[in-house]
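*Asks:* Just so it is clear, I am handing over my_file_24.cif, which has mmCIF, C-alpha atoms.
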```cif
data_structure
#
loop_
_atom_site.label_atom_id
_atom_site.label_comp_id
_atom_site.auth_asym_id
_atom_site.auth_seq_id
_atom_site.Cartn_x
_atom_site.Cartn_y
_atom_site.Cartn_z
CA MET O 759 25.10 10.73 14.25
CA ILE O 760 23.14 7.65 15.20
CA GLU O 761 23.23 6.44 18.78
CA VAL O 762 21.72 3.06 19.54
CA ASP O 763 21.82 1.31 22.86
CA PHE O 764 19.01 -1.18 23.24
CA ARG O 765 17.95 -4.71 23.91
CA LEU O 766 15.32 -6.54 21.91
CA GLU O 767 14.05 -10.14 21.99
CA GLN O 768 14.61 -11.66 18.61
CA GLY O 769 13.47 -15.22 18.09
CA SER O 770 16.11 -17.54 19.55
CA PHE O 771 18.44 -14.82 20.82
CA VAL O 772 18.49 -11.40 22.39
CA LEU O 773 19.68 -8.54 20.24
CA GLU O 774 21.93 -6.18 22.15
CA VAL O 775 23.67 -3.27 20.52
CA GLN O 776 25.43 -0.23 21.84
CA GLN O 777 26.98 1.88 19.12
CA ARG O 778 27.68 5.50 18.28
CA LEU O 779 27.71 5.71 14.53
CA GLU O 780 29.31 8.85 13.20
CA ALA O 781 30.43 7.62 9.81
CA ARG O 782 28.71 8.63 6.58
CA VAL O 783 28.09 4.99 5.76
CA THR O 784 27.98 2.29 8.38
CA VAL O 785 27.59 -1.23 7.09
CA LEU O 786 25.94 -3.81 9.31
CA PHE O 787 27.59 -7.03 8.31
CA GLY O 788 27.32 -10.64 9.32
CA PRO O 789 25.52 -13.89 8.67
CA SER O 790 21.86 -13.71 7.70
CA GLY O 791 19.50 -13.48 10.64
CA SER O 792 21.98 -11.97 13.06
CA GLY O 793 19.68 -9.05 13.80
CA GLN O 794 20.74 -6.46 11.21
CA THR O 795 17.24 -5.88 9.86
CA THR O 796 15.88 -5.75 13.40
CA ILE O 797 18.22 -2.86 14.16
CA LEU O 798 16.86 -0.95 11.17
CA ASP O 799 13.28 -1.80 12.18
CA ALA O 800 13.93 -0.54 15.71
CA ILE O 801 15.36 2.74 14.43
CA ALA O 802 12.43 3.14 12.04
CA GLY O 803 9.91 2.47 14.80
CA LEU O 804 8.60 -0.74 13.28
CA ARG O 805 9.74 -2.78 16.28
CA THR O 806 10.00 -1.70 19.89
CA PRO O 807 12.99 -2.70 22.01
CA VAL O 808 12.55 -4.11 25.50
CA ARG O 809 14.63 -1.26 26.85
CA GLY O 810 17.31 1.20 25.88
CA SER O 811 17.50 4.30 23.74
CA ILE O 812 17.78 5.36 20.11
CA ALA O 813 18.74 8.84 18.97
CA VAL O 814 19.53 10.36 15.59
CA ASN O 815 21.45 13.65 15.40
CA GLY O 816 20.76 14.22 19.08
CA ARG O 817 17.01 13.75 18.68
CA THR O 818 15.66 10.97 20.88
CA LEU O 819 13.41 8.58 18.97
CA TYR O 820 13.11 6.01 21.70
CA SER O 821 13.98 5.97 25.35
CA SER O 822 12.60 3.42 27.76
CA THR O 823 13.66 5.45 30.79
CA GLY O 824 12.32 8.71 29.33
CA GLY O 825 9.08 7.08 28.23
CA ILE O 826 9.67 8.20 24.64
CA ASN O 827 8.64 6.09 21.68
CA LEU O 828 7.99 8.22 18.60
CA PRO O 829 5.70 6.63 16.01
CA SER O 830 7.49 5.87 12.75
CA HIS O 831 5.86 8.78 10.91
CA LYS O 832 7.58 11.21 13.27
CA ARG O 833 11.06 9.67 13.12
CA HIS O 834 12.33 11.16 9.82
CA VAL O 835 13.97 7.99 8.59
CA GLY O 836 14.18 6.86 4.99
CA TYR O 837 13.79 3.09 4.79
CA VAL O 838 14.49 1.07 1.67
CA SER O 839 13.92 -2.62 2.26
CA GLN O 840 15.04 -5.49 0.09
CA ASP O 841 11.52 -6.05 -1.21
CA ILE O 842 11.30 -2.35 -2.17
CA ALA O 843 7.51 -2.16 -1.79
CA LEU O 844 6.70 0.66 -4.22
CA PHE O 845 3.04 1.54 -3.85
CA PRO O 846 1.42 -0.40 -6.70
CA HIS O 847 -1.55 1.92 -7.12
CA LEU O 848 0.51 5.10 -7.55
CA ASP O 849 2.66 6.07 -10.50
CA VAL O 850 6.37 6.75 -10.09
CA ARG O 851 5.94 10.48 -9.53
CA ARG O 852 3.37 10.00 -6.77
CA ASN O 853 5.53 7.30 -5.21
CA VAL O 854 8.58 9.54 -5.20
CA THR O 855 6.74 12.56 -3.81
CA TYR O 856 4.64 10.59 -1.29
CA GLY O 857 6.74 11.64 1.68
CA GLN O 858 7.54 15.13 0.48
CA GLY O 859 6.88 17.56 3.29
CA PRO O 860 6.87 21.33 3.72
CA GLY O 861 10.36 21.31 5.26
CA GLN O 862 11.83 19.70 2.17
CA LYS O 863 15.50 20.51 1.61
CA LEU O 864 16.00 18.46 -1.53
CA SER O 865 14.16 19.34 -4.69
CA LEU O 866 12.53 16.71 -6.86
CA GLU O 867 14.86 17.86 -9.63
CA SER O 868 18.04 17.24 -7.68
CA VAL O 869 16.94 13.83 -6.40
CA THR O 870 15.72 12.64 -9.78
CA ALA O 871 18.93 13.94 -11.36
CA ILE O 872 21.20 12.09 -8.97
CA LEU O 873 19.29 8.83 -9.34
CA GLU O 874 18.38 9.37 -13.01
CA VAL O 875 14.71 8.60 -12.53
CA GLY O 876 13.36 11.76 -14.19
CA ALA O 877 12.37 9.88 -17.33
CA LEU O 878 10.43 7.34 -15.28
CA LEU O 879 8.19 9.76 -13.40
CA ASP O 880 5.05 9.28 -15.45
CA ARG O 881 5.24 5.49 -15.63
CA GLY O 882 3.32 2.98 -13.58
CA VAL O 883 5.48 1.04 -11.14
CA SER O 884 4.66 -2.29 -12.80
CA MET O 885 6.49 -1.02 -15.89
CA LEU O 886 9.83 -0.68 -14.10
CA SER O 887 12.79 -3.03 -14.21
CA GLY O 888 14.42 -4.26 -10.99
CA GLY O 889 17.14 -1.65 -11.06
CA GLU O 890 14.67 1.13 -11.83
CA ARG O 891 12.45 0.07 -8.95
CA GLN O 892 15.43 0.23 -6.66
CA ARG O 893 16.34 3.75 -7.73
CA VAL O 894 12.73 4.91 -7.42
CA ALA O 895 12.53 3.47 -3.89
CA LEU O 896 15.72 5.31 -3.03
CA ALA O 897 14.38 8.55 -4.51
CA ARG O 898 11.15 8.12 -2.55
CA ALA O 899 13.06 7.68 0.70
CA LEU O 900 15.27 10.71 -0.01
CA MET O 901 12.32 12.93 -0.87
CA SER O 902 10.98 12.53 2.67
CA ALA O 903 14.07 14.49 3.83
CA PRO O 904 15.28 11.78 6.21
CA ASP O 905 17.80 12.39 8.98
CA VAL O 906 19.14 8.92 8.29
CA LEU O 907 18.83 6.49 5.43
CA LEU O 908 18.25 2.84 6.33
CA LEU O 909 19.07 0.47 3.49
CA ASP O 910 18.30 -3.19 4.03
CA GLU O 911 20.14 -5.21 1.40
CA PRO O 912 18.87 -2.92 -1.33
CA LEU O 913 20.80 -4.75 -4.01
CA VAL O 914 20.12 -8.33 -3.00
CA ALA O 915 17.28 -8.95 -5.43
CA ILE O 916 19.10 -7.80 -8.53
CA ASP O 917 21.79 -9.47 -10.57
CA LEU O 918 25.47 -8.74 -10.35
CA GLU O 919 25.67 -6.71 -13.53
CA LEU O 920 22.90 -4.40 -12.37
CA ARG O 921 24.41 -4.18 -8.91
CA ARG O 922 27.57 -2.84 -10.44
CA ARG O 923 25.54 -0.16 -12.17
CA ILE O 924 23.54 0.87 -9.11
CA LEU O 925 26.37 1.16 -6.62
CA PRO O 926 27.56 4.43 -8.17
CA TYR O 927 24.09 5.91 -7.55
CA LEU O 928 24.38 4.97 -3.91
CA GLU O 929 27.81 6.54 -3.78
CA ARG O 930 26.41 9.73 -5.24
CA VAL O 931 23.71 9.81 -2.58
CA ARG O 932 26.39 9.34 0.05
CA ASP O 933 28.75 11.96 -1.37
CA GLU O 934 26.34 14.64 -2.57
CA LEU O 935 23.46 14.61 -0.11
CA GLY O 936 25.26 14.10 3.17
CA VAL O 937 22.56 11.90 4.71
CA PRO O 938 24.08 9.31 7.06
CA ILE O 939 23.45 5.80 5.82
CA LEU O 940 23.01 2.56 7.71
CA TYR O 941 23.46 -0.26 5.25
CA VAL O 942 22.79 -3.96 5.71
CA THR O 943 24.55 -6.34 3.39
CA HIS O 944 26.02 -9.84 3.34
CA ASP O 945 28.22 -8.99 0.41
CA ARG O 946 31.85 -8.45 1.41
CA ASP O 947 32.75 -6.52 -1.75
CA GLU O 948 29.76 -4.25 -1.41
CA ALA O 949 30.66 -3.59 2.21
CA ARG O 950 34.30 -2.92 1.42
CA ARG O 951 33.45 -0.56 -1.39
CA PHE O 952 30.70 1.37 0.28
CA ALA O 953 31.41 1.50 4.01
CA ASP O 954 33.31 4.00 6.11
CA ARG O 955 32.76 1.79 9.08
CA VAL O 956 31.72 -1.82 9.43
CA VAL O 957 29.85 -3.33 12.37
CA VAL O 958 29.82 -7.12 12.40
CA LEU O 959 26.89 -8.80 14.11
CA ASP O 960 26.70 -12.37 15.20
CA ARG O 961 23.54 -13.75 16.78
CA GLY O 962 22.47 -10.40 18.12
CA THR O 963 25.75 -9.09 19.49
CA VAL O 964 28.44 -6.94 17.93
CA SER O 965 31.49 -9.13 17.43
CA ARG O 966 33.70 -6.57 15.69
CA ALA O 967 33.53 -2.95 14.60
CA GLY O 968 35.93 -0.68 12.78
CA ALA O 969 37.25 0.45 9.42
CA PRO O 970 36.37 -1.86 6.51
CA GLY O 971 40.03 -2.72 5.90
CA ASP O 972 40.55 -3.79 9.50
CA VAL O 973 37.32 -5.67 9.99
CA LEU O 974 36.85 -7.36 6.64
CA GLY O 975 40.52 -8.01 5.94
CA MET D 744 -49.44 -1.80 -13.05
CA ASP D 745 -46.94 -0.19 -10.74
CA VAL D 746 -43.80 -2.10 -11.79
CA TRP D 747 -41.93 1.10 -12.42
CA GLN D 748 -42.83 2.64 -9.07
CA ILE D 749 -41.93 -0.55 -7.16
CA THR D 750 -38.62 -0.98 -8.99
CA ARG D 751 -37.69 2.65 -8.48
CA PHE D 752 -38.59 2.53 -4.80
CA THR D 753 -36.61 -0.69 -4.27
CA LEU D 754 -33.54 0.62 -6.07
CA LEU D 755 -33.59 3.92 -4.18
CA THR D 756 -34.05 2.36 -0.74
CA ALA D 757 -31.35 -0.24 -1.51
CA LEU D 758 -28.98 2.52 -2.59
CA ALA D 759 -29.67 4.44 0.61
CA ALA D 760 -29.10 1.27 2.63
CA THR D 761 -25.79 0.63 0.85
CA ALA D 762 -24.66 4.17 1.59
CA LEU D 763 -25.58 3.65 5.24
CA MET D 764 -23.58 0.39 5.37
CA VAL D 765 -20.33 2.07 4.32
CA PRO D 766 -19.30 4.12 7.40
CA PRO D 767 -19.93 1.47 10.08
CA GLY D 768 -18.87 -1.26 7.65
CA LEU D 769 -15.51 0.38 6.96
CA ALA D 770 -14.82 0.79 10.66
CA LEU D 771 -15.87 -2.76 11.54
CA ALA D 772 -13.99 -4.37 8.64
CA TRP D 773 -10.82 -2.46 9.50
CA LEU D 774 -11.08 -3.27 13.21
CA LEU D 775 -11.59 -6.96 12.54
CA ALA D 776 -8.81 -7.12 9.97
CA ARG D 777 -6.18 -5.01 11.70
CA ARG D 778 -6.74 -4.89 15.44
CA ARG D 779 -6.56 -7.52 18.13
CA PHE D 780 -8.79 -6.52 21.01
CA ARG D 781 -10.88 -8.09 23.75
CA GLY D 782 -14.31 -9.06 22.55
CA ARG D 783 -13.19 -9.23 18.95
CA VAL D 784 -14.84 -12.61 18.41
CA LEU D 785 -18.01 -11.27 19.97
CA VAL D 786 -18.07 -8.30 17.58
CA GLU D 787 -17.37 -10.63 14.68
CA THR D 788 -20.23 -12.94 15.69
CA PHE D 789 -22.61 -10.07 16.26
CA VAL D 790 -21.89 -8.55 12.85
CA SER D 791 -22.53 -11.84 11.07
CA LEU D 792 -25.62 -12.75 13.06
CA PRO D 793 -28.16 -11.43 10.52
CA LEU D 794 -26.61 -13.76 7.94
CA VAL D 795 -27.56 -16.87 9.86
CA MET D 796 -30.61 -15.80 11.85
CA PRO D 797 -34.00 -16.18 10.18
CA PRO D 798 -34.59 -12.77 8.58
CA VAL D 799 -38.06 -12.68 10.11
CA ALA D 800 -36.47 -13.03 13.55
CA THR D 801 -34.07 -10.19 12.79
CA GLY D 802 -37.11 -8.21 11.67
CA LEU D 803 -38.81 -8.91 14.97
CA VAL D 804 -35.75 -7.67 16.87
CA LEU D 805 -35.79 -4.48 14.80
CA LEU D 806 -39.53 -4.11 15.37
CA LEU D 807 -39.06 -4.39 19.13
CA LEU D 808 -36.22 -1.85 19.06
CA PHE D 809 -37.78 0.65 16.67
CA SER D 810 -41.50 0.57 17.43
CA PRO D 811 -42.71 3.78 19.13
CA ARG D 812 -42.67 1.89 22.42
CA GLY D 813 -39.22 0.43 21.83
CA PRO D 814 -36.03 1.94 23.26
CA ILE D 815 -34.79 3.47 20.00
CA GLY D 816 -38.17 4.01 18.37
CA GLY D 817 -39.33 5.87 21.49
CA LEU D 818 -36.40 8.29 21.27
CA LEU D 819 -36.99 8.85 17.57
CA ALA D 820 -40.71 9.37 18.11
CA GLY D 821 -39.77 12.05 20.61
CA ILE D 822 -38.17 14.08 17.83
CA GLY D 823 -41.02 13.34 15.45
CA VAL D 824 -39.43 10.56 13.39
CA ASP D 825 -41.54 7.48 12.71
CA VAL D 826 -39.74 4.38 11.55
CA VAL D 827 -41.92 1.30 11.52
CA PHE D 828 -44.18 0.87 8.48
CA THR D 829 -42.47 3.75 6.66
CA TRP D 830 -39.77 3.81 3.98
CA ARG D 831 -37.24 4.31 6.79
CA ALA D 832 -38.06 0.85 8.09
CA VAL D 833 -37.40 -0.56 4.63
CA VAL D 834 -33.97 1.10 4.55
CA LEU D 835 -33.23 -0.04 8.10
CA ALA D 836 -34.05 -3.69 7.36
CA MET D 837 -31.98 -3.58 4.16
CA THR D 838 -29.00 -2.02 5.95
CA VAL D 839 -28.95 -4.51 8.79
CA MET D 840 -29.29 -7.47 6.44
CA GLY D 841 -26.69 -6.23 3.95
CA LEU D 842 -24.05 -5.08 6.43
CA PRO D 843 -22.60 -8.54 7.21
CA LEU D 844 -21.84 -9.20 3.55
CA PHE D 845 -20.25 -5.81 3.14
CA VAL D 846 -18.10 -6.20 6.26
CA ARG D 847 -16.96 -9.74 5.44
CA THR D 848 -15.94 -8.86 1.89
CA LEU D 849 -14.15 -5.67 2.86
CA ARG D 850 -12.44 -7.33 5.79
CA ALA D 851 -10.95 -9.94 3.47
CA GLY D 852 -9.85 -7.07 1.24
CA PHE D 853 -8.09 -5.29 4.10
CA GLU D 854 -6.39 -8.53 5.11
CA GLN D 855 -4.96 -8.86 1.62
CA VAL D 856 -3.30 -5.46 1.73
CA ASP D 857 0.39 -5.99 2.37
CA ARG D 858 1.37 -4.49 5.71
CA ARG D 859 4.77 -3.52 4.32
CA TYR D 860 3.17 -0.79 2.21
CA GLU D 861 1.63 0.67 5.35
CA ALA D 862 4.91 0.42 7.27
CA ILE D 863 6.87 2.12 4.49
CA ALA D 864 4.24 4.86 4.17
CA GLY D 865 4.65 5.45 7.91
CA THR D 866 8.41 5.84 7.63
CA LEU D 867 7.79 8.35 4.84
CA GLY D 868 6.03 10.54 7.38
CA ALA D 869 2.40 9.62 6.73
CA SER D 870 0.15 9.63 9.80
CA PRO D 871 -1.94 6.50 10.41
CA LEU D 872 -5.00 8.32 9.04
CA ARG D 873 -3.19 9.30 5.87
CA VAL D 874 -1.83 5.77 5.51
CA PHE D 875 -5.38 4.46 5.71
CA PHE D 876 -6.81 6.81 3.10
CA SER D 877 -3.84 6.89 0.71
CA ILE D 878 -2.62 3.28 0.91
CA THR D 879 -4.92 0.83 2.70
CA LEU D 880 -8.25 1.98 1.32
CA PRO D 881 -7.19 2.40 -2.33
CA LEU D 882 -5.52 -1.03 -2.29
CA ALA D 883 -8.66 -2.56 -0.79
CA PHE D 884 -10.93 -0.63 -3.13
CA PRO D 885 -11.93 -3.58 -5.33
CA ALA D 886 -13.08 -5.39 -2.18
CA LEU D 887 -14.93 -2.30 -1.00
CA ALA D 888 -16.74 -2.07 -4.32
CA ALA D 889 -17.47 -5.80 -4.42
CA GLY D 890 -18.76 -5.69 -0.84
CA ALA D 891 -20.98 -2.73 -1.63
CA VAL D 892 -22.43 -4.51 -4.64
CA LEU D 893 -23.11 -7.63 -2.57
CA GLY D 894 -24.70 -5.59 0.20
CA PHE D 895 -26.80 -3.76 -2.39
CA ALA D 896 -27.93 -7.04 -3.95
CA ARG D 897 -28.83 -8.42 -0.53
CA ALA D 898 -30.78 -5.23 0.16
CA ILE D 899 -32.73 -5.57 -3.10
CA GLY D 900 -33.73 -9.11 -2.15
CA GLU D 901 -34.61 -8.35 1.47
CA PHE D 902 -37.96 -9.83 2.43
CA GLY D 903 -38.29 -11.34 5.91
CA ALA D 904 -37.13 -8.43 8.03
CA THR D 905 -38.88 -5.94 5.73
CA ILE D 906 -42.26 -7.60 5.99
CA MET D 907 -41.96 -7.60 9.80
CA ILE D 908 -40.98 -3.99 10.29
CA ALA D 909 -42.31 -2.25 7.17
CA GLY D 910 -45.15 -4.43 5.91
CA SER D 911 -46.43 -4.28 2.34
CA ILE D 912 -48.09 -0.92 1.95
CA PRO D 913 -48.57 -0.07 -1.76
CA GLY D 914 -46.63 3.03 -2.70
CA VAL D 915 -45.16 3.36 0.80
CA THR D 916 -43.14 0.30 1.78
CA ARG D 917 -43.77 -2.25 -0.96
CA THR D 918 -40.46 -3.48 -2.41
CA LEU D 919 -39.87 -5.95 -5.27
CA PRO D 920 -39.72 -9.16 -3.20
CA VAL D 921 -42.60 -8.10 -0.99
CA ALA D 922 -44.68 -7.21 -4.06
CA ILE D 923 -43.91 -10.56 -5.71
CA TYR D 924 -45.16 -12.34 -2.61
CA THR D 925 -48.25 -10.16 -2.28
CA TYR D 926 -49.20 -10.40 -5.97
CA THR D 927 -48.79 -14.18 -6.00
CA GLU D 928 -50.94 -14.47 -2.93
CA ILE D 929 -53.80 -12.47 -4.44
CA GLY D 930 -53.56 -14.18 -7.84
CA ARG D 931 -51.92 -11.38 -9.87
CA ASP D 932 -49.56 -13.90 -11.43
CA ARG D 933 -48.68 -11.84 -14.52
CA ASP D 934 -47.60 -8.89 -12.39
CA ALA D 935 -45.62 -11.20 -10.13
CA ALA D 936 -43.89 -12.72 -13.16
CA MET D 937 -42.99 -9.31 -14.49
CA LEU D 938 -41.41 -8.31 -11.17
CA LEU D 939 -39.60 -11.63 -11.14
CA VAL D 940 -37.92 -10.77 -14.44
CA VAL D 941 -36.93 -7.34 -13.11
CA SER D 942 -35.48 -8.82 -9.89
CA ALA D 943 -33.58 -11.49 -11.79
CA GLY D 944 -32.09 -8.84 -14.06
CA ILE D 945 -30.94 -6.66 -11.16
CA ALA D 946 -29.56 -9.64 -9.22
CA PHE D 947 -27.67 -10.91 -12.25
CA ALA D 948 -26.12 -7.51 -12.97
CA ALA D 949 -25.12 -7.02 -9.33
CA LEU D 950 -23.54 -10.45 -8.93
CA TRP D 951 -21.68 -10.18 -12.20
CA LEU D 952 -20.28 -6.82 -11.15
CA SER D 953 -19.30 -8.18 -7.75
CA ASN D 954 -17.51 -11.20 -9.25
CA TYR D 955 -15.76 -8.98 -11.75
CA LEU D 956 -14.50 -6.66 -8.99
CA THR D 957 -13.47 -9.55 -6.75
CA SER D 958 -11.48 -11.22 -9.50
CA ARG D 959 -9.72 -7.92 -10.17
CA ALA D 960 -8.91 -7.66 -6.47
CA GLY D 961 -7.51 -11.20 -6.56
CA LEU D 962 -5.29 -10.41 -9.54
CA ARG D 963 -3.86 -7.42 -7.78
CA ALA D 964 -2.99 -9.17 -4.53
#
```
Now, as a test, write the supplied structure out as structure tokens.

*Replies:*
Amino acid sequence: MIEVDFRLEQGSFVLEVQQRLEARVTVLFGPSGSGQTTILDAIAGLRTPVRGSIAVNGRTLYSSTGGINLPSHKRHVGYVSQDIALFPHLDVRRNVTYGQGPGQKLSLESVTAILEVGALLDRGVSMLSGGERQRVALARALMSAPDVLLLDEPLVAIDLELRRRILPYLERVRDELGVPILYVTHDRDEARRFADRVVVLDRGTVSRAGAPGDVLG
Amino acid sequence: MDVWQITRFTLLTALAATALMVPPGLALAWLLARRRFRGRVLVETFVSLPLVMPPVATGLVLLLLFSPRGPIGGLLAGIGVDVVFTWRAVVLAMTVMGLPLFVRTLRAGFEQVDRRYEAIAGTLGASPLRVFFSITLPLAFPALAAGAVLGFARAIGEFGATIMIAGSIPGVTRTLPVAIYTYTEIGRDRDAAMLLVVSAGIAFAALWLSNYLTSRAGLRA
């Protein structure tokens, strides 16, 4: 479960969210620049709110009143951003295992099997196609045994055909690994297909929240 | 003719100086590239000062600091280490004169490393130290190498500060540029010319290597 309740200055508006997210997949939906990425950044520890609190599975990551602000390397979040950012100087295997720790629940075999990246392990990252890069980034995030998976428009940079082929991988991650997912997208179909719950943001505030059918129509 | 001895001595002292530039150079380059702090401009100016000051003036500063009566030289003399007019003075002059080039090149390299890689590595559980050694430094490596080569080349060519603090003692402190000057002054033109060819060869090789590494760094970024 993800609990966010914070306030953060964001350019021309103030981002204010207060949500308890218990669904497997929560989609943050809304026009571009409404603060969706900022929410992910705040959970990941890449941006610090003005005040409030953030907790994942009961573990406090940030609390302005408690004086807690864990650095991102202690937050156990898997972050896949739209630009993917695979480490260019490491091959696929070393990318995927970069965040692998001693408390690892998932084996390399199971993650590579679900995302079908086993055959790519010994390649350099410059040799990968867009869809392959995406799956490798996902595998890398999963291998760090995250308590929550933050996906910021992971499919935005790839074409529709490829999107259709990658969505099933995401669904497998959702269904087989049981890691809660916070997913930012502007794509209504993607949201409808993937979400258990949709939170609509508009200029930094939550305008609607609920089941995909109710919210997206 | 002692061409071989002089060349060997110059190369060895320049290598030692380059090795000495790396630890403080890494720290300074990273600080200037990644941290905003009070006095940053001052640090930046101070680091680059030897580039623009007359080398002889820098040499005089070093002489004042490191002579047995100077603040640092006095301390070192207390533990039995002489600096001025020894090979140590040669290395010291080379290090101080080469450091600005090393820092400036490496700093530019650090600035080119995409911060997103560091942020993602952090979310994957890597501590800031691990991020530095596994992401930042490898990605900036071409700049590190290019900076080291430039610093090394500057060290090989060091004259002004060296002559002030180390002099031109045959077999003790006489480096290539100092020897060229000394030989020309006493009319040993053939020897001077020979050393000129050696210096030109080393300088050419070093610059070529530096340009090669920098262009590779540019391609990557």

*Asks:* Please, which residues of chain O lie no more than 8 Å from chain D when the count uses all atoms listed in the file, and can they be set out as a list in words?

*Replies:*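 That gives Ala802, Leu804, Ser830, His831, Lys832, Arg833, His834, Val835, Gly836, Tyr837, Ala843, Leu844, Phe845, His847, Tyr856, Gly857, Ala899 and Ser902 of chain O for chain O.
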
*Asks:* Could those residues be written to a file, using C-alpha atoms, as a JSON list (two decimals), keeping the file's coordinate frame?

*Replies:*
```
[["chain", "number", "residue", "atom", "x", "y", "z"],
["O", 802, "ALA", "CA", 12.43, 3.14, 12.04],
["O", 804, "LEU", "CA", 8.60, -0.74, 13.28],
["O", 830, "SER", "CA", 7.49, 5.87, 12.75],
["O", 831, "HIS", "CA", 5.86, 8.78, 10.91],
["O", 832, "LYS", "CA", 7.58, 11.21, 13.27],
["O", 833, "ARG", "CA", 11.06, 9.67, 13.12],
["O", 834, "HIS", "CA", 12.33, 11.16, 9.82],
["O", 835, "VAL", "CA", 13.97, 7.99, 8.59],
["O", 836, "GLY", "CA", 14.18, 6.86, 4.99],
["O", 837, "TYR", "CA", 13.79, 3.09, 4.79],
["O", 843, "ALA", "CA", 7.51, -2.16, -1.79],
["O", 844, "LEU", "CA", 6.70, 0.66, -4.22],
["O", 845, "PHE", "CA", 3.04, 1.54, -3.85],
["O", 847, "HIS", "CA", -1.55, 1.92, -7.12],
["O", 856, "TYR", "CA", 4.64, 10.59, -1.29],
["O", 857, "GLY", "CA", 6.74, 11.64, 1.68],
["O", 899, "ALA", "CA", 13.06, 7.68, 0.70],
["O", 902, "SER", "CA", 10.98, 12.53, 2.67]]
```

*Asks:* Quick one: residues within 7 Å of Val883 of chain O, all atoms listed in the file, excluding same-chain residues fewer than 6 positions away - as a list of chain:residue names?

*Replies:*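 The neighbour list is O:Pro846, O:Asp849, O:Val850.
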
*Asks:* Take the residues just selected and output them with C-alpha atoms as a compact mmCIF listing (two decimals), keeping the file's coordinate frame.

*Replies:*
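See out-v7.txt below for the written result:
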```
# COMPACT_ATOMS: atom_id res chain seq x y z
CA PRO O 846 1.42 -0.40 -6.70
CA ASP O 849 2.66 6.07 -10.50
CA VAL O 850 6.37 6.75 -10.09
```

*Asks:* Excluding same-chain residues fewer than 5 positions from segment 968-971 of chain O, what lies within 8 Å of it counting all atoms listed in the file, as a ChimeraX atom specification?

*Replies:* /O:949-950,953-957

*Asks:* Write out as a PyMOL selection string the residues lying within 7 Å of Thr829 of chain D, counting all atoms listed in the file and excluding same-chain residues fewer than 4 positions away.

*Replies:* chain D and resi 833+909+915-916

*Asks:* Could you work out an axis-aligned bounding box for all listed atoms of segment 928-936 of chain D, with 6 Å added on each of the six sides, and give its centre and edge lengths in Å to one decimal, as AutoDock Vina command-line options?

*Replies:*
```
--center_x -48.8 --center_y -11.7 --center_z -8.7 --size_x 21.9 --size_y 17.6 --size_z 23.6
```

*Asks:* Between atom CA of Asp910 of chain O and atom CA of Ser822 of chain O, what is the distance, to one decimal in Å?

*Replies:*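 So the answer is 25.3 Å.
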
*Asks:* With a distance cut-off of 8 Å and only C-alpha atoms, select the neighbouring residues of Arg851 of chain O, excluding the residue or stretch itself and same-chain residues fewer than 2 positions from it, and output the selection as a VMD selection string.

*Replies:* chain O and resid 848 to 849 853 to 855 878 to 881

*Asks:* Restrict the selected residues to C-alpha atoms and save them as a PDB file, keeping the file's coordinate frame.

*Replies:*
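Final output, selection_0.pdb:
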```
ATOM      1  CA  LEU O 848       0.510   5.100  -7.550  1.00  0.00           C
ATOM      2  CA  ASP O 849       2.660   6.070 -10.500  1.00  0.00           C
ATOM      3  CA  ASN O 853       5.530   7.300  -5.210  1.00  0.00           C
ATOM      4  CA  VAL O 854       8.580   9.540  -5.200  1.00  0.00           C
ATOM      5  CA  THR O 855       6.740  12.560  -3.810  1.00  0.00           C
ATOM      6  CA  LEU O 878      10.430   7.340 -15.280  1.00  0.00           C
ATOM      7  CA  LEU O 879       8.190   9.760 -13.400  1.00  0.00           C
ATOM      8  CA  ASP O 880       5.050   9.280 -15.450  1.00  0.00           C
ATOM      9  CA  ARG O 881       5.240   5.490 -15.630  1.00  0.00           C
TER      10      ARG O 881
END
```

*Asks:* Figure out the distance between atom CA of Val775 of chain O and atom CA of Leu925 of chain O, please, to one decimal in Å.

*Replies:*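 Going from atom CA of Leu925 of chain O over to atom CA of Val775 of chain O covers 27.6 Å.
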
*Asks:* Determine the residue set returned by the PyMOL selection byres ((chain O and resi 786) around 9) for the present structure, and present it as number ranges by chain.

*Replies:* O: 784-785, 787-788, 794-795, 940-944, 949, 955-959

*Asks:* So how many Å separate atom CA of Gly791 of chain O and atom CA of Arg961 of chain O, to one decimal?

*Replies:* 7.4 Å

*Asks:* Give as a PyMOL selection string the residues that the PyMOL selection byres ((chain D and resi 955) around 12) matches when applied to the coordinates above.

*Replies:* chain D and resi 885-886+888-890+892-893+948-954+956-962

*Asks:* Taking the file as shown, find all residues satisfying the PyMOL selection byres ((chain D and resi 745) around 12) and write them as JSON, numbers by chain.

*Replies:* {"D": [744, 746, 747, 748, 749, 750, 751, 752, 913, 914, 917, 918, 919, 922, 923, 926, 934, 935, 937, 938]}

*Asks:* Using all atoms listed in the file, which protein or nucleic acid residues come within 8 Å of Arg782 of chain O? Drop anything in the same chain fewer than 2 positions from it, and give the result as an MDAnalysis selection string.

*Replies:* chainID O and resid 780 784 932 936:939 954

*Asks:* Please save C-alpha atoms of the selected residues as a PDB file, in the frame of the given file.

*Replies:*
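Final output, saved to part10.pdb:
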```pdb
ATOM      1  CA  GLU O 780      29.310   8.850  13.200  1.00  0.00           C
ATOM      2  CA  THR O 784      27.980   2.290   8.380  1.00  0.00           C
ATOM      3  CA  ARG O 932      26.390   9.340   0.050  1.00  0.00           C
ATOM      4  CA  GLY O 936      25.260  14.100   3.170  1.00  0.00           C
ATOM      5  CA  VAL O 937      22.560  11.900   4.710  1.00  0.00           C
ATOM      6  CA  PRO O 938      24.080   9.310   7.060  1.00  0.00           C
ATOM      7  CA  ILE O 939      23.450   5.800   5.820  1.00  0.00           C
ATOM      8  CA  ASP O 954      33.310   4.000   6.110  1.00  0.00           C
TER       9      ASP O 954
END
```
